[in-house]
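Presented below is the structure to which this report refers.
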Amino acid sequence: MSLRRVAIGFVTGAATGLVLGFLVGLSSLAHGLLDRSLQMVRTIPHLALVPLMILWFGIGEEPRVLLVAMGSLFPVYINTMSGIRNVDPKLIELGRSYGLGPIGLIVSVVLPGALPSILTGIRYALGVAWLTLVVGETIASRDGIGYMVQNARELLRTDVILLAIVLYAIAGWLADSITRVVERCLLRWHPSYAKGAAR
Amino acid sequence: MTGPSSSGDGLSLRGVGKAFGERTVLHKVDLEIPTGQFIALIGASGVGKSTLLRIVAGLEPPTSGRVELRSNHPSPDIRMMFQEDRLMPWRTVLRNVTLGLRGRDDDARALLAAVGLAGRDKDYPVVLSGGQRQRVALARALIHEPELLLLDEPFGALDAITRTSMQLLLEGLLARRPRTVLLVTHDVEEALVLADRVLLMRDGRVARDLFIDHERPRHRGDPELAALKEELLEGLVSAQAAQAIR
């Protein structure tokens with residue numbers, strides 16, 4: 001149950017962050033229009049929105065998934081944007097003078113150049129997604145690990161609480177390992193990943 | 001000496017000027033370069049050599065004048081090689097050479113062999129040395145069979161031994177298939193060994209236009225070339241001194 005929430009929330013949030021990051025990173029018009037307001041929203045601790053979410057969406061599935069999505073949106077957005085803006089302009093110039101069109105440039109130069117940064121964002125976002133879920137599930141839910149902890153607290157079941165913590169740790173480790181494998185596959189060319197020394 | 005032909009194929013610059021704000025970098029440069037000529041542009045730093053090259057490459061628009069490349073080819077290709085290799089680190093050597101191309105793998109492999117990198121096509125640029133990377137960059141420029149090859153201090157960042165071997169390699173590749181080359185360099189000897197014609201630039205103008213009609217391959221120790229080198233160096237140094245006094 002928890003896993004499903006994280007998955008849905010994380011995927012929607014990360015995808016939105018990726019799209020926004022690309023838009024803002026590539027076009028200065030989008031940067032002018034969106035960046036300021038997105039940065040503003042970002043500074044709001046998204047957990048502060050819990051009460052608002054409950055008022056708007058009730059205590060169903062939506063507020064929890066939405067919170068996770070918001071939590072994972074910004075790390076991905078910021079890293080994607082800065083990754084794109086930090087792509088070496090000399091490489092872009094070279095790509096252009098070797099006959100790459102705008103789409104070719106994005107696919108062959110900008111995206112791979114920004115990828116290390118994007119993956120860092122995704123990894124960080126995964127952590128935030130789990131954190132958000134814990135809080136999300138402690139509010140009026142009937143299932144999930146968060147609910148389990150909440151319930152155990154009432155019943156003074158320390159063992160269940162510990163089990164929940166272990167579950168979280170395993171889930172976090174699993175998510176991290178998956179991104180690390182992805183990193184190693186996609187960043188084979190990168191000097192610090194090439195030797196399998198992903199940190 | 002063979003004078004530049006004023007008609008027919010070739011590259012011509014007519015009153016090309018460039019200013020960055022108040023600062024004028026190029027003063028109305030006029031040049032006629034016939035097809036197949038190897039030109040070396042020498043001069044102290046900041047005299048506009050690289051700017052001229054970037055204008056010819058179309059990377060920067062000139063403030064005045066125009067650049068014309070006449071050729072019997074319908075869409076003449078210009079390729080530039082930079083001081084930095086500018087290889088895409090996420091592409092293999094082969095994919096770097098075929099950048100912007102499709103299905104030219106065999107040509108790319110043949111070119112890689114020609115620059116001495118046979119069998120390295122699946123490697124990533126990180127594992128290559130500086131000289132090897134520049135060889136890949138050279139192969140990447142040559143696969144397009146450019147009418148005009150622009151070289152912006154391509155060997156400037158390499159050590160002396162690697163530089164000499166790269167010069168020999170370039171000379172060999174051009175001997176097989178001559179093309180118009182514009183080389184910007186700090187290295188007077190490099191200019192004298194490689195070029196048919198050396199242009200000395202000073203204050204955004206072509207100060208000297210010198211034809212070198214020595215036989216190839218040229219020897220670096222050739223007394224006549226050594227004398228020319230001394231003379232050119234003197235010109236360069238005095239220009240720099242004059243600049244310093246002002």
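Ordering of the structure tokens sets the chain letters (A, B, ...); residue numbers start at 1 within each chain; ligands are numbered from 1 in the order shown.
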
Please list as a PDB file with C-alpha atoms, in the first residue's frame every residue within 8 Å of Ser82 of chain A, counting only C-alpha atoms and excluding residues in the same chain fewer than 3 positions away.
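Written out: out34.pdb:
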ATOM      1  CA  GLY A  25      16.469  25.207 -18.409  1.00  0.00           C
ATOM      2  CA  ILE A  78      16.056  22.199  -9.483  1.00  0.00           C
ATOM      3  CA  ASN A  79      18.659  19.631 -10.447  1.00  0.00           C
ATOM      4  CA  ARG A  85      22.141  25.372 -17.549  1.00  0.00           C
ATOM      5  CA  ASN A  86      25.551  23.980 -16.688  1.00  0.00           C
ATOM      6  CA  SER A 117      22.617  16.219 -12.208  1.00  0.00           C
TER       7      SER A 117
END

Neighbour list for Val67 of chain B as number ranges by chain, cut-off 7 Å, only C-alpha atoms, skip fewer than 2 positions in-chain: B: 12-14, 56, 69

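Shortest separation to chain A among B:Met166, B:Met80, B:Leu232, B:Val198 occurs at residue B:Met80, atoms counted being only C-alpha atoms.
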
Atom-to-atom span, atom CA of Glu230 of chain B and atom CA of Phe155 of chain B, Å: 21.3 Å

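The interface of chain A with chain B at 6 Å, considering only C-alpha atoms, consists of Leu91, Gly99, Leu100 and Trp189 of chain A.
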